[in-house]
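Asker: Next up is a structure, given as structure tokens.
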Amino acid sequence: MKVAITYHEDFGRHGFSVLKERIQPSFEKLMESGLVDGIEVQVFRAKPAPMELVAKAHTEGHMANMETDQYRDVAILSAGSVMMAAEMVAAGQAESAFAFTGTAGHHASRGSCWGFCYFNDVAITILRLKEMGFERFLIVDVDPHFGDGTRDFFREDPDVFHINLHSGTGEEHDPQRNNYDIGLSFGADNERFLSALKSGLVLARDFDFQIAFVIFGHDSHQDDYGGIQPNLRGLSPDGSDSKGSCGR
């Protein structure tokens, strides 16, 4: 198939309070669109991420702190949604994939979390892909908030090429470790966003990655609180603001 989509009804029932009212309508619009009527685009019910991988990614203290959090279960399910999407791409079952989630992930570091990110879904998924024999990964994070949790995981790993667009003014490049931060500035418009995205992809053009992740973010719409103004509906096939995992 061309695109695999992972989703679970609990994302709309038990997802983070700011998100859950968006996720179910977004999925329903996708189902009504006709895009999933054939065999090229198929929907799969997400499963929770294996706890051993979640615990391997995060510290014991963080796991203990999350034990009684009301979003713990849906966060583990969200990580599983991203993992399932990536596994299908890695196995050659889909050319690319889109993962719906009920919580976010890029502010979750090894030992802490904030911004409705509880477990780092991409970091957990990369652990799984490494088990499958994959070694080199591209992460393009277009969420307007800085992906500090993801950077915590991969700051010292040159086999993970991390492009981080954000609504601040700071810009820092570390070619030796493949960490690239591009500040869009507050209130950036479509032209600035697309220009920054293009320049980020140019930086990665010689990086021989095996799997690419695109982190769309949950607050990238012009009416949200991310500090940039572009309307990103044209960049997402269903207009949603969910996390994404895309293919080779």
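Identifiers in the structure tokens: chain A, B, ... in order shown; residue index from 1 per chain; ligand index from 1 in order shown.
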For stretch 95-188 of chain A against stretch 200-212 of chain A, with a cut-off of 9 Å and counting only C-alpha atoms, what is the closest atom pair and its distance in Å to one decimal for every residue that makes the cut, ordered by chain and number, as JSON lines?

Answerer:
```
{"residue": "A:Leu129", "atom": "CA", "partner": "A:Ile211", "partner_atom": "CA", "distance": 8.9}
{"residue": "A:Phe134", "atom": "CA", "partner": "A:Gln210", "partner_atom": "CA", "distance": 6.9}
{"residue": "A:Glu135", "atom": "CA", "partner": "A:Gln210", "partner_atom": "CA", "distance": 7.4}
{"residue": "A:Arg136", "atom": "CA", "partner": "A:Phe209", "partner_atom": "CA", "distance": 4.9}
{"residue": "A:Phe137", "atom": "CA", "partner": "A:Phe209", "partner_atom": "CA", "distance": 5.0}
{"residue": "A:Leu138", "atom": "CA", "partner": "A:Ala212", "partner_atom": "CA", "distance": 4.6}
{"residue": "A:Ile139", "atom": "CA", "partner": "A:Ala212", "partner_atom": "CA", "distance": 5.8}
{"residue": "A:Val140", "atom": "CA", "partner": "A:Ala212", "partner_atom": "CA", "distance": 7.7}
{"residue": "A:Asp159", "atom": "CA", "partner": "A:Phe209", "partner_atom": "CA", "distance": 8.2}
{"residue": "A:Val160", "atom": "CA", "partner": "A:Phe209", "partner_atom": "CA", "distance": 8.3}
{"residue": "A:Phe161", "atom": "CA", "partner": "A:Ala204", "partner_atom": "CA", "distance": 7.4}
{"residue": "A:Ile163", "atom": "CA", "partner": "A:Gly200", "partner_atom": "CA", "distance": 6.3}
{"residue": "A:Asn164", "atom": "CA", "partner": "A:Gly200", "partner_atom": "CA", "distance": 8.4}
{"residue": "A:Leu165", "atom": "CA", "partner": "A:Gly200", "partner_atom": "CA", "distance": 8.3}
{"residue": "A:Asn178", "atom": "CA", "partner": "A:Ala204", "partner_atom": "CA", "distance": 8.8}
{"residue": "A:Tyr180", "atom": "CA", "partner": "A:Gly200", "partner_atom": "CA", "distance": 7.7}
{"residue": "A:Asp181", "atom": "CA", "partner": "A:Gly200", "partner_atom": "CA", "distance": 8.7}
{"residue": "A:Ile182", "atom": "CA", "partner": "A:Gly200", "partner_atom": "CA", "distance": 7.7}
```

Asker: Could you write out, as a ChimeraX atom specification, all the residues of stretch 33-87 of chain A that DSSP marks as strand (DSSP E or B)?

Answerer: /A:41-45

Asker: Would you list, as a ChimeraX atom specification, the residues of stretch 56-217 of chain A that end up in alpha helix (DSSP H) under DSSP run on this structure's backbone?

Answerer: /A:56-57,60-66,72-90,121-131,148-154,190-203

Asker: Could you tell me which of A:Met66, A:Ala75, A:Met51, A:Ala91 comes closest to A:Asp10 if we count only C-alpha atoms?

Answerer: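 Closest candidate: A:Ala75.
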
Asker: In Å to one decimal, how far is atom CA of A:Phe16 from atom CA of A:Glu32?

Answerer: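 One can read the atom CA of A:Glu32 to atom CA of A:Phe16 distance as 24.4 Å.
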
Asker: At what distance in Å, to one decimal, does atom CA of A:His145 lie from atom CA of A:Ser167?

Answerer: 6.4 Å

Asker: Which of these, A:Phe216, A:Asp224, A:Ser33, A:Leu127, has the shortest distance to A:Lys56 once you count only C-alpha atoms?

Answerer: A:Leu127

Asker: Which residues of stretch 20-53 of chain A come within 10 Å of stretch 95-104 of chain A, and for each one, what is the closest pair of atoms and their distance in Å to one decimal, counting only C-alpha atoms, sorted by chain and residue number, as JSON lines?

Answerer:
```
{"residue": "A:Lys20", "atom": "CA", "partner": "A:Gly102", "partner_atom": "CA", "distance": 6.6}
{"residue": "A:Arg22", "atom": "CA", "partner": "A:Gly102", "partner_atom": "CA", "distance": 9.8}
{"residue": "A:Ile23", "atom": "CA", "partner": "A:Gly102", "partner_atom": "CA", "distance": 7.5}
{"residue": "A:Gln24", "atom": "CA", "partner": "A:Phe100", "partner_atom": "CA", "distance": 9.7}
{"residue": "A:Ser26", "atom": "CA", "partner": "A:Phe100", "partner_atom": "CA", "distance": 9.5}
{"residue": "A:Phe27", "atom": "CA", "partner": "A:Phe100", "partner_atom": "CA", "distance": 8.4}
{"residue": "A:Glu40", "atom": "CA", "partner": "A:Glu95", "partner_atom": "CA", "distance": 9.7}
{"residue": "A:Val41", "atom": "CA", "partner": "A:Ala97", "partner_atom": "CA", "distance": 9.1}
{"residue": "A:Gln42", "atom": "CA", "partner": "A:Ala97", "partner_atom": "CA", "distance": 9.5}
{"residue": "A:Val43", "atom": "CA", "partner": "A:Phe98", "partner_atom": "CA", "distance": 9.4}
{"residue": "A:Phe44", "atom": "CA", "partner": "A:Ala99", "partner_atom": "CA", "distance": 9.7}
{"residue": "A:Ala46", "atom": "CA", "partner": "A:Ala99", "partner_atom": "CA", "distance": 8.7}
```

Asker: What's the separation between atom CA of A:Thr125 and atom CA of A:Met83, in Å to one decimal place?

Answerer: 4.9 Å

Asker: May I have the residues within 12 Å of stretch 112-115 of chain A as a ChimeraX atom specification, using only C-alpha atoms and disregarding those fewer than 6 positions away in the same chain?

Answerer: /A:16-19,57-66,69,72,75,103-106,143,145-150,152-153,217-219,225-226

Asker: Please determine, counting only C-alpha atoms, which residue among A:Asn179, A:His107, A:Gly38, A:Val142 has the shortest atom-to-atom distance to A:Val3.

Answerer: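 Comparing A:Asn179, A:His107, A:Gly38, A:Val142 against A:Val3, the winner is A:Gly38.
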